[in-house]
file upload-v4.txt (compact mmCIF, C-alpha atoms)
# COMPACT_ATOMS: atom_id res chain seq x y z
CA MET G 26 -37.80 -98.41 18.65
CA THR G 27 -40.35 -101.03 19.19
CA GLY G 28 -42.82 -99.06 21.32
CA PRO G 29 -45.51 -96.64 20.13
CA ILE G 30 -44.38 -93.23 18.94
CA THR G 31 -45.43 -90.52 21.43
CA GLY G 32 -44.12 -87.48 19.62
CA SER G 33 -42.15 -86.46 16.61
CA MET G 34 -38.41 -86.45 16.44
CA ASN G 35 -36.24 -83.63 15.28
CA GLY G 36 -33.00 -84.13 13.40
CA ASN G 37 -31.06 -84.73 16.67
CA GLY G 38 -33.36 -87.48 17.83
CA ASP G 39 -35.00 -85.35 20.59
CA ASP G 40 -38.75 -85.28 21.14
CA MET G 41 -40.31 -81.95 20.05
CA GLN G 42 -42.84 -80.29 22.35
CA LYS G 43 -46.27 -79.48 21.01
CA THR G 44 -46.84 -75.79 20.31
CA THR G 45 -50.37 -75.87 21.74
CA SER G 46 -49.01 -75.65 25.28
CA LYS G 47 -47.49 -72.23 24.43
CA ILE G 48 -50.62 -70.98 22.64
CA HIS G 49 -52.97 -71.51 25.61
CA PRO G 50 -51.50 -68.78 27.87
CA ILE G 51 -51.40 -66.32 24.96
CA LEU G 52 -54.99 -67.11 24.02
CA LEU G 53 -56.11 -66.86 27.65
CA GLY G 54 -54.34 -63.49 28.09
CA THR G 55 -55.95 -62.13 24.92
CA ILE G 56 -59.40 -63.17 26.09
CA VAL G 57 -58.86 -61.55 29.50
CA ILE G 58 -57.80 -58.27 27.87
CA LEU G 59 -60.83 -58.29 25.54
CA VAL G 60 -63.18 -58.95 28.48
CA ILE G 61 -61.65 -56.03 30.42
CA ILE G 62 -62.06 -53.70 27.44
CA PHE G 63 -65.66 -54.84 26.95
CA ILE G 64 -66.55 -54.34 30.62
CA THR G 65 -65.05 -50.84 30.82
CA SER G 66 -66.69 -49.75 27.57
CA SER G 67 -70.10 -51.11 28.62
CA LEU G 68 -69.89 -49.20 31.91
CA GLY G 69 -69.90 -45.93 30.01
CA GLY G 70 -66.21 -45.72 29.20
CA ILE G 71 -64.83 -42.90 31.33
CA GLY G 72 -68.20 -41.36 32.15
CA GLY G 73 -69.76 -41.49 28.69
CA GLU G 74 -73.49 -42.29 28.74
CA LYS G 75 -73.79 -42.20 32.50
CA GLY G 76 -72.45 -38.67 32.59
CA LYS G 77 -74.83 -37.52 29.87
CA LYS G 78 -77.85 -38.96 31.66
CA GLU G 79 -76.86 -37.36 34.95
CA GLU G 80 -76.23 -34.04 33.24
CA SER G 81 -79.59 -34.01 31.43
CA ARG G 82 -81.32 -34.91 34.70
CA ALA G 83 -79.52 -32.02 36.38
CA PHE G 84 -80.83 -29.60 33.74
CA VAL G 85 -84.38 -30.91 34.20
CA GLU G 86 -84.06 -30.38 37.94
CA LEU G 87 -82.67 -26.88 37.34
CA GLU G 88 -85.66 -26.10 35.08
CA GLN G 89 -88.03 -27.28 37.83
CA ALA G 90 -86.24 -25.18 40.44
CA LEU G 91 -86.34 -22.06 38.25
CA MET G 92 -90.08 -22.56 37.63
CA ASN G 93 -90.61 -22.37 41.40
CA VAL G 94 -89.07 -18.88 41.56
CA GLU G 95 -91.79 -16.23 41.67
CA GLY G 96 -92.37 -14.42 38.37
CA ILE G 97 -90.32 -16.68 36.13
CA GLY G 98 -93.06 -19.10 35.02
CA GLU G 99 -92.29 -21.93 32.63
CA VAL G 100 -88.61 -22.38 31.74
CA LEU G 101 -86.78 -24.32 29.03
CA LEU G 102 -82.99 -24.68 29.08
CA TYR G 103 -80.92 -25.39 25.97
CA PRO G 104 -77.25 -26.01 26.85
CA HIS G 105 -74.52 -25.53 24.25
CA TYR G 106 -71.40 -27.68 24.44
CA GLU G 107 -68.00 -27.43 22.82
CA ASN G 108 -67.90 -29.31 19.53
CA VAL G 109 -66.33 -32.72 19.92
CA GLU G 110 -64.68 -34.33 16.94
CA ALA G 111 -64.95 -37.99 17.89
CA THR G 112 -64.03 -39.76 14.69
CA ASN G 113 -62.67 -42.77 16.53
CA PRO G 114 -64.66 -44.15 19.50
CA LEU G 115 -61.40 -45.32 21.12
CA ALA G 116 -59.64 -41.96 20.66
CA ASN G 117 -59.81 -41.05 24.36
CA TYR G 118 -59.92 -44.60 25.66
CA PHE G 119 -56.31 -44.76 26.76
CA SER G 120 -56.16 -41.25 28.22
CA PRO G 121 -54.54 -41.21 31.68
CA SER G 122 -57.29 -39.28 33.47
CA THR G 123 -61.01 -38.66 33.21
CA ALA G 124 -60.47 -34.89 33.21
CA THR G 125 -58.76 -34.95 29.83
CA ALA G 126 -61.43 -37.22 28.37
CA ALA G 127 -64.29 -35.00 29.52
CA LYS G 128 -62.52 -31.81 28.49
CA GLY G 129 -63.98 -31.84 24.99
CA ASN G 130 -67.55 -31.76 26.30
CA GLU G 131 -67.54 -28.58 28.38
CA LEU G 132 -70.60 -26.36 28.73
CA GLN G 133 -69.96 -23.27 26.62
CA GLY G 134 -73.24 -21.42 27.03
CA ILE G 135 -76.95 -21.77 27.64
CA LEU G 136 -80.14 -20.48 26.09
CA VAL G 137 -82.96 -19.86 28.57
CA VAL G 138 -86.53 -19.51 27.31
CA ALA G 139 -88.75 -18.25 30.13
CA GLU G 140 -92.29 -16.91 30.36
CA GLY G 141 -91.35 -14.08 32.71
CA ALA G 142 -88.30 -12.94 30.73
CA LYS G 143 -90.19 -9.87 29.44
CA ASP G 144 -89.57 -8.21 32.82
CA LEU G 145 -86.02 -6.82 33.18
CA LYS G 146 -85.89 -7.70 36.91
CA ILE G 147 -86.70 -11.35 36.12
CA ARG G 148 -84.00 -11.43 33.41
CA ASN G 149 -81.41 -10.06 35.83
CA GLN G 150 -82.49 -12.52 38.50
CA LEU G 151 -82.27 -15.45 36.06
CA SER G 152 -78.86 -14.29 34.87
CA LYS G 153 -77.50 -14.08 38.42
CA ILE G 154 -78.91 -17.49 39.35
CA LEU G 155 -77.52 -19.23 36.26
CA THR G 156 -74.15 -17.50 36.52
CA THR G 157 -73.79 -18.81 40.06
CA VAL G 158 -75.20 -22.31 39.53
CA LEU G 159 -73.58 -23.11 36.18
CA GLN G 160 -70.34 -21.18 36.79
CA LEU G 161 -70.72 -19.43 33.43
CA PRO G 162 -69.96 -15.78 32.72
CA GLU G 163 -73.01 -13.60 32.01
CA HIS G 164 -72.13 -13.13 28.34
CA ARG G 165 -72.59 -16.88 27.79
CA ILE G 166 -76.16 -16.89 29.09
CA VAL G 167 -78.92 -15.83 26.69
CA ILE G 168 -82.38 -15.24 28.16
CA VAL G 169 -85.38 -14.78 25.89
CA GLU G 170 -89.11 -14.51 26.46
CA MET G 171 -91.32 -17.53 25.78
CA ASN G 172 -94.21 -17.04 23.37
CA ASN G 173 -97.67 -17.22 24.89
CA ARG G 174 -98.96 -20.49 23.53
CA GLY G 175 -102.61 -19.79 24.27
CA ASN G 176 -102.63 -16.49 22.36
CA THR G 177 -102.35 -17.17 18.62
CA ASN G 178 -103.35 -13.65 17.53
CA GLU G 179 -100.53 -11.16 18.18
CA ASN G 180 -102.89 -8.16 18.05
CA GLU G 181 -104.83 -9.21 21.17
call {"tool": "encode", "arguments": {"input": "upload-v4.txt", "output": "structure tokens"}}
result
Amino acid sequence: MTGPITGSMNGNGDDMQKTTSKIHPILLGTIVILVIIFITSSLGGIGGEKGKKEESRAFVELEQALMNVEGIGEVLLYPHYENVEATNPLANYFSPSTATAAKGNELQGILVVAEGAKDLKIRNQLSKILTTVLQLPEHRIVIVEMNNRGNTNENE
């Protein structure tokens, strides 16, 4: 062996291959998987933040629509959702469908504070509207009268 040594020899006299050529595909695959996980989680991860923003916007639009109904006046909606125990942010990450992931965040009921709720006809009308629009049974909709903000003395 008079030439330069290009690799190391094992006990049989064969050249050993470098292990770095096997590490590159594994490292590349790991990076690709991490990038995919990052992209899906930053997009809202199965409807996370995007769904919440759309839902809150829908409630604001519903409030505006109810305020346009004659006799109702100003309206505030306070939705109540099923309690979600999300101890691990990746708990529902690998669920097979979006329906099972969103199941823990279902609308359970709603509190409606309206100026015109003192009138029984207005309460019944609000109840019918919200039952139809939100697909909630009537016993899950609570309608209460809004305090008059301009009148601080209750005796007047």
call {"tool": "atom_distance", "arguments": {"input": "upload-v4.txt", "atom1": "CA of Asn93 in chain G", "atom2": "CA of Asn149 in chain G"}}
result
16.3 Å
call {"tool": "residues_around", "arguments": {"input": "upload-v4.txt", "residues": "range 135-141 of chain G", "least_positions_apart": "2", "cutoff": "6 Å", "atoms": "only C-alpha atoms", "output": "list in words"}}
result
Gly96, Ile97, Gly98, Glu99, Val100, Leu101, Leu102, Tyr103, Pro104, His105, Lys143, Ile166, Val167, Ile168, Val169, Glu170 and Met171 of chain G
call {"tool": "atom_distance", "arguments": {"input": "upload-v4.txt", "atom1": "CA of Ala90 in chain G", "atom2": "CA of Leu145 in chain G"}}
result
19.7 Å
call {"tool": "atom_distance", "arguments": {"input": "upload-v4.txt", "atom1": "CA of Ser81 in chain G", "atom2": "CA of Glu107 in chain G"}}
result
15.9 Å
call {"tool": "residues_around", "arguments": {"input": "upload-v4.txt", "residues": "Thr156 in chain G", "least_positions_apart": "6", "cutoff": "9 Å", "atoms": "only C-alpha atoms", "output": "PyMOL selection string"}}
result
chain G and resi 162-163+165-166
call {"tool": "closest_residue", "arguments": {"input": "upload-v4.txt", "among": "G:Glu86, G:Glu95, G:Glu131, G:Asp144", "to": "Gln160 in chain G", "atoms": "only C-alpha atoms"}}
result
G:Glu131
